[in-house]
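K.L.:
Please find start_24.txt (compact mmCIF, C-alpha atoms and all ligand atoms) on the next line:
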# COMPACT_ATOMS: atom_id res chain seq x y z
CA MET A 1 4.20 4.34 7.08
CA PHE A 2 4.07 1.69 4.32
CA LEU A 3 3.36 4.01 1.37
CA SER A 4 2.24 2.85 -2.08
CA ARG A 5 4.36 5.20 -4.18
CA ASP A 6 4.75 3.33 -7.46
CA TRP A 7 1.36 3.88 -9.06
CA LYS A 8 1.21 5.49 -12.51
CA ASP A 9 -2.43 4.81 -13.42
CA TYR A 10 -3.76 5.81 -9.99
CA GLU A 11 -3.22 9.08 -8.13
CA LEU A 12 -4.66 10.52 -4.93
CA ILE A 13 -4.82 14.10 -6.16
CA ASP A 14 -6.22 15.88 -3.13
CA ALA A 15 -7.96 15.23 0.20
CA SER A 16 -9.97 17.71 2.19
CA ARG A 17 -13.01 17.92 4.48
CA GLY A 18 -14.01 14.26 4.48
CA GLU A 19 -13.46 13.66 0.77
CA LYS A 20 -10.71 12.40 -1.51
CA LEU A 21 -10.18 13.26 -5.17
CA GLU A 22 -8.59 10.44 -7.13
CA ARG A 23 -7.50 9.69 -10.69
CA TRP A 24 -8.21 6.12 -11.81
CA GLY A 25 -6.64 5.93 -15.27
CA GLY A 26 -8.31 8.75 -17.16
CA ILE A 27 -11.33 9.04 -14.83
CA ILE A 28 -11.45 11.37 -11.82
CA LEU A 29 -13.60 10.34 -8.86
CA ARG A 30 -14.43 11.94 -5.52
CA ARG A 31 -15.24 9.68 -2.59
CA PRO A 32 -15.90 10.20 1.12
CA ASP A 33 -13.22 9.14 3.63
CA PRO A 34 -13.77 9.63 7.36
CA GLN A 35 -10.02 9.91 8.07
CA ILE A 36 -9.89 13.21 6.21
CA VAL A 37 -10.79 15.51 9.09
CA TRP A 38 -8.52 18.33 7.81
CA SER A 39 -9.24 20.91 5.16
CA VAL A 40 -6.79 22.28 2.61
CA PRO A 41 -6.71 26.02 1.91
CA ASP A 42 -8.75 27.33 -1.02
CA ARG A 43 -10.48 24.05 -1.74
CA GLU A 44 -13.61 25.92 -2.89
CA LYS A 45 -11.62 27.95 -5.38
CA SER A 46 -9.63 24.98 -6.59
CA GLU A 47 -10.09 23.92 -10.20
CA LEU A 48 -8.94 20.43 -9.19
CA TRP A 49 -12.22 19.44 -7.56
CA ARG A 50 -14.27 20.67 -10.51
CA LYS A 51 -12.51 18.11 -12.72
CA ALA A 52 -14.30 15.13 -11.09
CA ASP A 53 -16.18 12.90 -13.57
CA ALA A 54 -18.22 11.16 -10.86
CA GLY A 55 -18.52 11.00 -7.09
CA TYR A 56 -20.02 8.98 -4.27
CA ILE A 57 -22.30 11.37 -2.47
CA ARG A 58 -23.32 10.63 1.11
CA SER A 59 -27.01 10.72 1.89
CA SER A 60 -28.26 12.45 5.04
CA LYS A 61 -30.08 9.19 5.92
CA GLY A 62 -26.80 7.23 5.88
CA GLY A 63 -25.23 5.35 2.98
CA GLY A 64 -24.97 7.15 -0.32
CA SER A 65 -24.89 6.69 -4.07
CA TRP A 66 -22.78 7.42 -7.12
CA LYS A 67 -23.53 10.56 -9.16
CA THR A 68 -21.96 11.17 -12.54
CA PHE A 69 -20.98 14.74 -13.46
CA LYS A 70 -19.68 13.77 -16.91
CA LYS A 71 -20.19 10.67 -19.07
CA ILE A 72 -18.06 7.76 -17.82
CA PRO A 73 -17.85 4.15 -19.01
CA GLU A 74 -19.56 1.41 -17.03
CA TYR A 75 -16.12 -0.02 -16.30
CA TRP A 76 -12.52 0.55 -17.37
CA THR A 77 -9.11 -0.92 -16.50
CA ILE A 78 -5.96 0.36 -14.83
CA GLY A 79 -2.50 -1.17 -14.49
CA TYR A 80 0.02 -1.57 -11.68
CA LYS A 81 3.41 -2.85 -12.85
CA ASN A 82 2.53 -6.14 -14.70
CA LEU A 83 -1.01 -6.34 -13.27
CA ARG A 84 -4.33 -5.04 -14.67
CA PHE A 85 -7.60 -4.49 -12.85
CA LYS A 86 -11.18 -3.77 -13.74
CA ILE A 87 -12.57 -0.62 -12.12
CA THR A 88 -16.29 0.15 -11.65
CA PRO A 89 -18.14 2.48 -9.32
CA MET A 90 -19.80 -0.06 -6.97
CA GLY A 91 -21.81 -0.14 -3.74
CA PHE A 92 -20.26 1.04 -0.45
CA LYS A 93 -18.26 3.72 -2.36
CA HIS A 94 -16.00 0.95 -3.68
CA THR A 95 -14.29 0.86 -7.08
CA GLY A 96 -13.21 -2.81 -6.98
CA LEU A 97 -9.63 -2.10 -5.90
CA PHE A 98 -7.78 -0.78 -2.84
CA PRO A 99 -4.76 1.07 -4.28
CA GLU A 100 -3.01 1.40 -0.90
CA GLN A 101 -2.59 -2.40 -0.96
CA ALA A 102 0.09 -2.07 -3.66
CA SER A 103 2.78 -1.68 -0.99
CA ASN A 104 1.70 -5.02 0.55
CA TRP A 105 1.70 -6.65 -2.91
CA ASP A 106 5.27 -5.43 -3.48
CA TRP A 107 6.40 -6.64 -0.04
CA PHE A 108 5.22 -10.24 -0.40
CA SER A 109 6.07 -10.39 -4.13
CA ASP A 110 9.71 -9.69 -3.27
CA ILE A 111 9.67 -12.44 -0.62
CA ILE A 112 8.18 -14.90 -3.14
CA LYS A 113 10.63 -13.94 -5.88
CA ASN A 114 13.67 -14.06 -3.55
CA SER A 115 12.70 -17.38 -1.95
CA GLY A 116 14.44 -19.42 -4.63
CA ARG A 117 11.47 -21.83 -4.59
CA SER A 118 9.46 -23.02 -7.57
CA ARG A 119 5.73 -22.26 -7.90
CA ASP A 120 4.88 -25.84 -6.77
CA ASN A 121 6.62 -25.12 -3.48
CA ILE A 122 4.96 -21.79 -2.70
CA ASN A 123 1.29 -22.04 -1.77
CA VAL A 124 -0.37 -18.80 -0.77
CA LEU A 125 -3.77 -18.53 0.92
CA ASN A 126 -5.64 -15.25 0.45
CA LEU A 127 -8.63 -14.84 2.81
CA PHE A 128 -11.31 -12.10 2.43
CA ALA A 129 -9.72 -11.97 -0.98
CA TYR A 130 -12.32 -9.61 -2.57
CA THR A 131 -11.49 -8.83 -6.24
CA GLY A 132 -8.12 -10.51 -6.03
CA GLY A 133 -5.57 -7.69 -5.97
CA ALA A 134 -3.32 -9.69 -3.64
CA SER A 135 -4.14 -13.00 -5.38
CA VAL A 136 -2.98 -11.83 -8.80
CA ALA A 137 0.10 -10.16 -7.30
CA ALA A 138 1.12 -13.43 -5.57
CA LEU A 139 0.38 -15.40 -8.74
CA GLU A 140 2.44 -13.04 -10.86
CA ALA A 141 5.33 -13.19 -8.36
CA GLY A 142 5.55 -17.00 -8.69
CA ALA A 143 3.17 -18.58 -6.14
CA SER A 144 0.25 -21.01 -6.44
CA VAL A 145 -2.78 -19.27 -4.93
CA CYS A 146 -5.97 -20.18 -3.09
CA HIS A 147 -8.43 -17.25 -3.19
CA VAL A 148 -11.31 -17.33 -0.66
CA ASP A 149 -14.22 -14.91 -0.39
CA ALA A 150 -17.87 -15.14 0.64
CA ALA A 151 -19.16 -13.16 -2.34
CA LYS A 152 -19.58 -14.96 -5.67
CA GLY A 153 -19.54 -11.65 -7.56
CA MET A 154 -16.17 -10.68 -6.05
CA VAL A 155 -14.67 -14.06 -6.89
CA ALA A 156 -15.90 -13.64 -10.49
CA ARG A 157 -14.21 -10.23 -10.59
CA ALA A 158 -10.97 -11.75 -9.29
CA LYS A 159 -11.06 -14.20 -12.23
CA GLU A 160 -11.49 -11.27 -14.61
CA ASN A 161 -8.52 -9.49 -13.01
CA ALA A 162 -6.35 -12.61 -13.39
CA ALA A 163 -7.39 -12.80 -17.08
CA LEU A 164 -6.73 -9.06 -17.64
CA SER A 165 -3.28 -9.56 -16.12
CA GLY A 166 -2.60 -12.51 -18.48
CA LEU A 167 -2.40 -14.99 -15.57
CA SER A 168 -5.48 -17.20 -16.16
CA LYS A 169 -3.48 -20.30 -16.96
CA LEU A 170 -1.48 -20.21 -13.71
CA PRO A 171 -2.52 -22.29 -10.66
CA ILE A 172 -5.18 -20.41 -8.70
CA ARG A 173 -8.14 -21.99 -6.86
CA TYR A 174 -11.21 -19.81 -6.39
CA ILE A 175 -13.33 -20.69 -3.34
CA VAL A 176 -16.68 -19.15 -2.35
CA ASP A 177 -16.87 -19.95 1.37
CA ASP A 178 -16.79 -18.62 4.89
CA VAL A 179 -13.12 -18.02 5.78
CA LYS A 180 -13.28 -19.74 9.17
CA LYS A 181 -15.12 -22.80 7.88
CA PHE A 182 -12.69 -23.06 4.96
CA ALA A 183 -9.59 -22.72 7.17
CA GLU A 184 -10.90 -25.38 9.58
CA ARG A 185 -11.60 -27.71 6.64
CA GLU A 186 -8.06 -27.15 5.31
CA ILE A 187 -6.66 -28.15 8.74
CA ARG A 188 -8.68 -31.40 8.61
CA ARG A 189 -7.43 -32.07 5.07
CA GLY A 190 -3.84 -31.49 6.20
CA HIS A 191 -3.24 -28.74 3.60
CA LYS A 192 -0.40 -26.34 4.31
CA TYR A 193 0.49 -22.86 3.05
CA ASP A 194 3.80 -21.03 2.80
CA GLY A 195 2.24 -17.59 2.87
CA ILE A 196 -1.08 -16.35 4.28
CA ILE A 197 -2.73 -13.01 3.48
CA MET A 198 -5.91 -11.66 5.02
CA ASP A 199 -7.67 -8.31 4.77
CA PRO A 200 -10.68 -8.72 7.04
CA PRO A 201 -13.49 -6.17 7.26
CA SER A 202 -14.78 -5.01 10.68
CA TYR A 203 -18.04 -6.77 9.99
CA GLY A 204 -19.00 -9.23 7.29
CA ARG A 205 -20.97 -12.32 6.47
CA GLY A 206 -20.07 -15.70 5.02
CA PRO A 207 -22.14 -17.15 2.14
CA SER A 208 -24.57 -18.86 4.55
CA GLY A 209 -24.92 -15.81 6.77
CA GLU A 210 -22.00 -16.69 9.10
CA VAL A 211 -21.25 -13.53 11.08
CA TRP A 212 -17.73 -12.10 11.02
CA LYS A 213 -16.98 -9.53 13.74
CA ILE A 214 -13.32 -8.60 13.79
CA GLU A 215 -13.09 -8.11 17.55
CA ASP A 216 -14.48 -11.59 18.25
CA GLU A 217 -13.12 -13.56 15.31
CA LEU A 218 -9.71 -12.18 14.33
CA PHE A 219 -7.61 -13.83 17.05
CA PRO A 220 -9.16 -17.32 16.69
CA LEU A 221 -8.83 -17.11 12.89
CA ILE A 222 -5.14 -16.18 13.13
CA GLU A 223 -4.60 -19.07 15.57
CA ILE A 224 -6.16 -21.48 13.05
CA CYS A 225 -4.15 -19.99 10.17
CA VAL A 226 -0.83 -20.32 12.01
CA ASN A 227 -1.58 -24.06 12.14
CA LEU A 228 -2.03 -23.98 8.37
CA LEU A 229 1.51 -22.72 7.82
CA SER A 230 4.05 -25.16 6.39
CA ASP A 231 7.18 -26.16 8.35
CA ASP A 232 9.20 -23.47 6.59
CA PRO A 233 6.74 -20.64 5.90
CA LEU A 234 7.67 -17.45 4.09
CA PHE A 235 5.25 -14.78 5.31
CA PHE A 236 2.02 -13.87 7.09
CA LEU A 237 0.16 -10.63 6.38
CA VAL A 238 -2.86 -9.20 8.16
CA ASN A 239 -4.23 -5.92 6.87
CA THR A 240 -6.92 -4.12 8.84
CA TYR A 241 -8.61 -0.86 8.13
CA THR A 242 -10.65 -0.97 11.28
CA THR A 243 -10.01 2.02 13.48
CA GLY A 244 -9.42 0.73 16.99
CA LEU A 245 -7.17 -2.19 16.05
CA SER A 246 -3.85 -0.51 16.70
CA GLY A 247 -0.37 -1.67 15.76
CA SER A 248 0.26 -2.73 19.37
CA VAL A 249 -2.82 -4.96 19.27
CA MET A 250 -1.47 -6.64 16.14
CA ASP A 251 1.97 -6.93 17.76
CA ASN A 252 0.42 -8.69 20.77
CA ILE A 253 -1.49 -11.04 18.48
CA TYR A 254 1.67 -11.91 16.52
CA ARG A 255 3.70 -12.49 19.73
CA LEU A 256 1.03 -14.93 20.91
CA THR A 257 0.68 -16.77 17.60
CA VAL A 258 3.02 -16.73 14.63
CA ARG A 259 6.16 -15.46 16.43
CA LYS A 260 5.59 -17.90 19.29
CA LYS A 261 5.53 -20.83 16.87
CA PHE A 262 8.12 -19.77 14.27
CA GLY A 263 10.17 -16.85 15.68
CA GLY A 264 10.89 -14.60 12.73
CA VAL A 265 10.40 -10.87 12.49
CA SER A 266 7.35 -8.64 12.22
CA GLN A 267 6.91 -5.09 11.08
CA ILE A 268 3.66 -3.34 11.86
CA ASP A 269 2.80 0.08 10.57
CA GLU A 270 0.11 2.21 9.02
CA ILE A 271 -0.48 1.67 5.34
CA GLY A 272 -1.20 4.68 3.18
CA LEU A 273 -1.10 6.73 0.01
CA PRO A 274 0.77 9.92 -0.87
CA ILE A 275 -1.50 12.89 -1.67
CA THR A 276 -0.17 14.95 -4.56
CA ASN A 277 -1.60 18.32 -3.49
CA GLY A 278 0.13 19.62 -0.36
CA LYS A 279 2.45 16.60 -0.06
CA LEU A 280 0.31 15.03 2.68
CA THR A 281 -0.28 11.32 3.26
CA LEU A 282 -3.56 9.48 3.74
CA PRO A 283 -3.56 6.61 6.28
CA CYS A 284 -5.66 3.67 5.03
CA GLY A 285 -5.32 1.10 7.82
CA CYS A 286 -2.66 -1.02 9.42
CA ALA A 287 -0.50 -3.76 7.92
CA ALA A 288 1.05 -6.41 10.15
CA ARG A 289 3.83 -8.14 8.18
CA TRP A 290 5.63 -11.20 9.49
CA GLN A 291 8.37 -13.11 7.76
CA ARG A 292 10.49 -16.03 8.75
CA ARG A 293 13.75 -14.43 7.73
CA ASP A 294 15.04 -10.91 7.03
C1 LIG A 301 -13.36 -5.12 1.56
S1 LIG A 301 -12.82 -6.69 1.26
C2 LIG A 301 -11.11 -6.85 1.60
C3 LIG A 301 -10.19 -6.14 0.60
C4 LIG A 301 -9.27 -6.99 -0.31
N1 LIG A 301 -8.58 -8.05 0.40
C5 LIG A 301 -8.30 -6.15 -1.13
O1 LIG A 301 -7.31 -5.63 -0.62
O2 LIG A 301 -8.55 -5.94 -2.30
C6 LIG A 301 -13.63 -7.69 2.45
C7 LIG A 301 -14.08 -8.97 1.81
O3 LIG A 301 -14.39 -9.91 2.84
C8 LIG A 301 -15.42 -10.75 2.39
N2 LIG A 301 -16.00 -11.39 3.60
C9 LIG A 301 -16.61 -10.81 4.65
N3 LIG A 301 -16.97 -11.75 5.58
C10 LIG A 301 -16.53 -12.95 5.11
C11 LIG A 301 -16.56 -14.29 5.60
N4 LIG A 301 -17.11 -14.59 6.77
N5 LIG A 301 -15.99 -15.27 4.85
C12 LIG A 301 -15.43 -14.99 3.64
N6 LIG A 301 -15.35 -13.72 3.13
C13 LIG A 301 -15.90 -12.73 3.84
C14 LIG A 301 -16.35 -9.84 1.62
O4 LIG A 301 -17.12 -10.58 0.67
C15 LIG A 301 -15.35 -8.87 0.96
O5 LIG A 301 -15.05 -9.24 -0.36
Please lay out the structure from this file as structure tokens.
P.N.:
Amino acid sequence: MFLSRDWKDYELIDASRGEKLERWGGIILRRPDPQIVWSVPDREKSELWRKADAGYIRSSKGGGSWKTFKKIPEYWTIGYKNLRFKITPMGFKHTGLFPEQASNWDWFSDIIKNSGRSRDNINVLNLFAYTGGASVAALEAGASVCHVDAAKGMVARAKENAALSGLSKLPIRYIVDDVKKFAEREIRRGHKYDGIIMDPPSYGRGPSGEVWKIEDELFPLIEICVNLLSDDPLFFLVNTYTTGLSGSVMDNIYRLTVRKKFGGVSQIDEIGLPITNGKLTLPCGCAARWQRRD
């Protein structure tokens, strides 16, 4: 498993019976997670769970909402290595950051740093880029970045995260667009990228209501993106948290696309977080990592 082990400001404290207990800086949150089908002994008696400051509570009618148990700020920030992010309890049980992604950030940051290329010669495209975790990591590592997401609010948050991380002056383009339309436009413009990152949801919508369904759209999008890679690309990363898209499916897709065109090597595995209590691990999806060279 690709485990994100280097967090100091974030900790997955415990996980039991469909819920996780997490520390985000000084704030403790509980959130539902359908992967957590197990239960740890003595959870009811545990003081740990009583420490939560707020939690996302599922409603019996579907969905849910945040409830605060103690006073918490509207937003606060946490750091990862040289990066800083704004955290807020948001819709869909989100906080504005996926901490398990840190292991992906570290992986492509090392490739960027070890490439020996200058920032002008490393263009990275981040699709479904959300609040910009991967964008700021690539920027900090030494790449020029193009950040694409359908949601204006998420793109605004990515700008805030770049500013919090002290990276505002570095070359990053923020695009509010449908990923497929944007990628097709980039092909027509003849733009090329040395690294491509995407973290697609199972279902989503572009800014004009364009429907994204991973099972129908993922393969064609990857085919388009492979044609956006430069002649000597560095890496390609697809992260999925959709249950049902196994590592073998991603391996097949890579054999038919990026490995067919460029050779190179891919590593596909679950991505996850260590759980402090009980020394368990929480799987958070699948990362398919391709690079031109070892
Ligand atoms: C949950 S996020 C991905 C997580 C993120 N990459 C990270 O690790 O922090 C999914 C994002 O995809 C965006 N999205 C969904 N459908 C889209 C589409 N058709 N075009 C562009 N963005 C889309 C959403 O606005 C959302 O921000």
K.L.:
Considering all atoms listed in the file, return as a VMD selection string whatever protein or nucleic-acid residues lie within 10 Å of segment 141-144 of chain A, sequence-local ones (same chain, fewer than 6 positions apart) excluded.
P.N.:
chain A and resid 82 105 to 106 108 to 115 117 to 125 135 170 to 173 193 to 195
K.L.:
Please provide as a list in words all residues within 7 Å of segment 25-36 of chain A, with the sequence filter that same-chain residues fewer than 6 positions apart are discarded (counting all atoms listed in the file).
P.N.:
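In the requested form, the answer reads Asp9, Tyr10, Ala15, Ser16, Arg17, Gly18, Glu19, Lys51, Ala52, Asp53, Ala54, Gly55, Tyr56, Ile78 and Lys93 of chain A.
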K.L.:
What are the nearest atom pairs, with distances in Å to one decimal, for all residues of chain A that come at most 9 Å from ligand LIG 301 (chain A), using all atoms listed in the file, set out by chain and rising residue number as a tab-separated table?
P.N.:
residue	atom	partner	partner_atom	distance
A:His94	CA	A:LIG301	C1	8.4
A:Gly96	CA	A:LIG301	O2	7.3
A:Leu97	CA	A:LIG301	O2	5.4
A:Phe98	CA	A:LIG301	O2	5.2
A:Pro99	CA	A:LIG301	O1	8.0
A:Glu100	CA	A:LIG301	O1	8.2
A:Gln101	CA	A:LIG301	O1	5.7
A:Ala102	CA	A:LIG301	O1	8.8
A:Asn126	CA	A:LIG301	N1	7.8
A:Leu127	CA	A:LIG301	N6	6.8
A:Phe128	CA	A:LIG301	O3	3.8
A:Ala129	CA	A:LIG301	N1	4.3
A:Tyr130	CA	A:LIG301	O5	3.5
A:Thr131	CA	A:LIG301	O2	5.7
A:Gly132	CA	A:LIG301	O2	5.9
A:Gly133	CA	A:LIG301	O2	5.0
A:Ala134	CA	A:LIG301	O1	6.4
A:Ser135	CA	A:LIG301	N1	8.8
A:Val148	CA	A:LIG301	C12	6.4
A:Asp149	CA	A:LIG301	N6	3.9
A:Ala150	CA	A:LIG301	N6	3.8
A:Ala151	CA	A:LIG301	O4	4.5
A:Lys152	CA	A:LIG301	O4	8.1
A:Gly153	CA	A:LIG301	O4	8.6
A:Met154	CA	A:LIG301	O5	6.0
A:Val155	CA	A:LIG301	O5	8.1
A:Val176	CA	A:LIG301	C12	7.4
A:Asp177	CA	A:LIG301	C12	5.6
A:Asp178	CA	A:LIG301	N5	3.4
A:Val179	CA	A:LIG301	N5	4.1
A:Lys180	CA	A:LIG301	N5	6.8
A:Lys181	CA	A:LIG301	N5	8.2
A:Phe182	CA	A:LIG301	N5	8.5
A:Ile197	CA	A:LIG301	N1	8.3
A:Met198	CA	A:LIG301	N1	6.4
A:Asp199	CA	A:LIG301	N1	4.5
A:Pro200	CA	A:LIG301	C6	5.6
A:Pro201	CA	A:LIG301	C6	5.0
A:Ser202	CA	A:LIG301	C9	8.6
A:Tyr203	CA	A:LIG301	N3	6.7
A:Gly204	CA	A:LIG301	N3	3.7
A:Arg205	CA	A:LIG301	N3	4.1
A:Gly206	CA	A:LIG301	N4	3.6
A:Pro207	CA	A:LIG301	N5	7.0
A:Ser208	CA	A:LIG301	N4	8.9
A:Gly209	CA	A:LIG301	N4	7.9
A:Glu210	CA	A:LIG301	N4	5.8
A:Val211	CA	A:LIG301	N4	6.1
A:Trp212	CA	A:LIG301	N4	5.0
A:Lys213	CA	A:LIG301	N3	8.5
A:Asn239	CA	A:LIG301	N1	8.1
A:Thr240	CA	A:LIG301	C2	8.8
K.L.:
Quick one, how far is atom CA of Phe235 of chain A from atom CA of Ile253 of chain A?
P.N.:
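Computing the Euclidean distance for atom CA of Phe235 of chain A and atom CA of Ile253 of chain A yields 15.3 Å.
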K.L.:
Can you measure atom CA of Ile187 of chain A to atom CA of Asp216 of chain A for me? One decimal in Å is fine.
P.N.:
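Computed distance, atom CA of Ile187 of chain A to atom CA of Asp216 of chain A, equals 20.6 Å.
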K.L.:
Between atom CA of Trp290 of chain A and atom CA of Glu215 of chain A, what is the distance in Å, rounded to a tenth?
P.N.:
20.6 Å
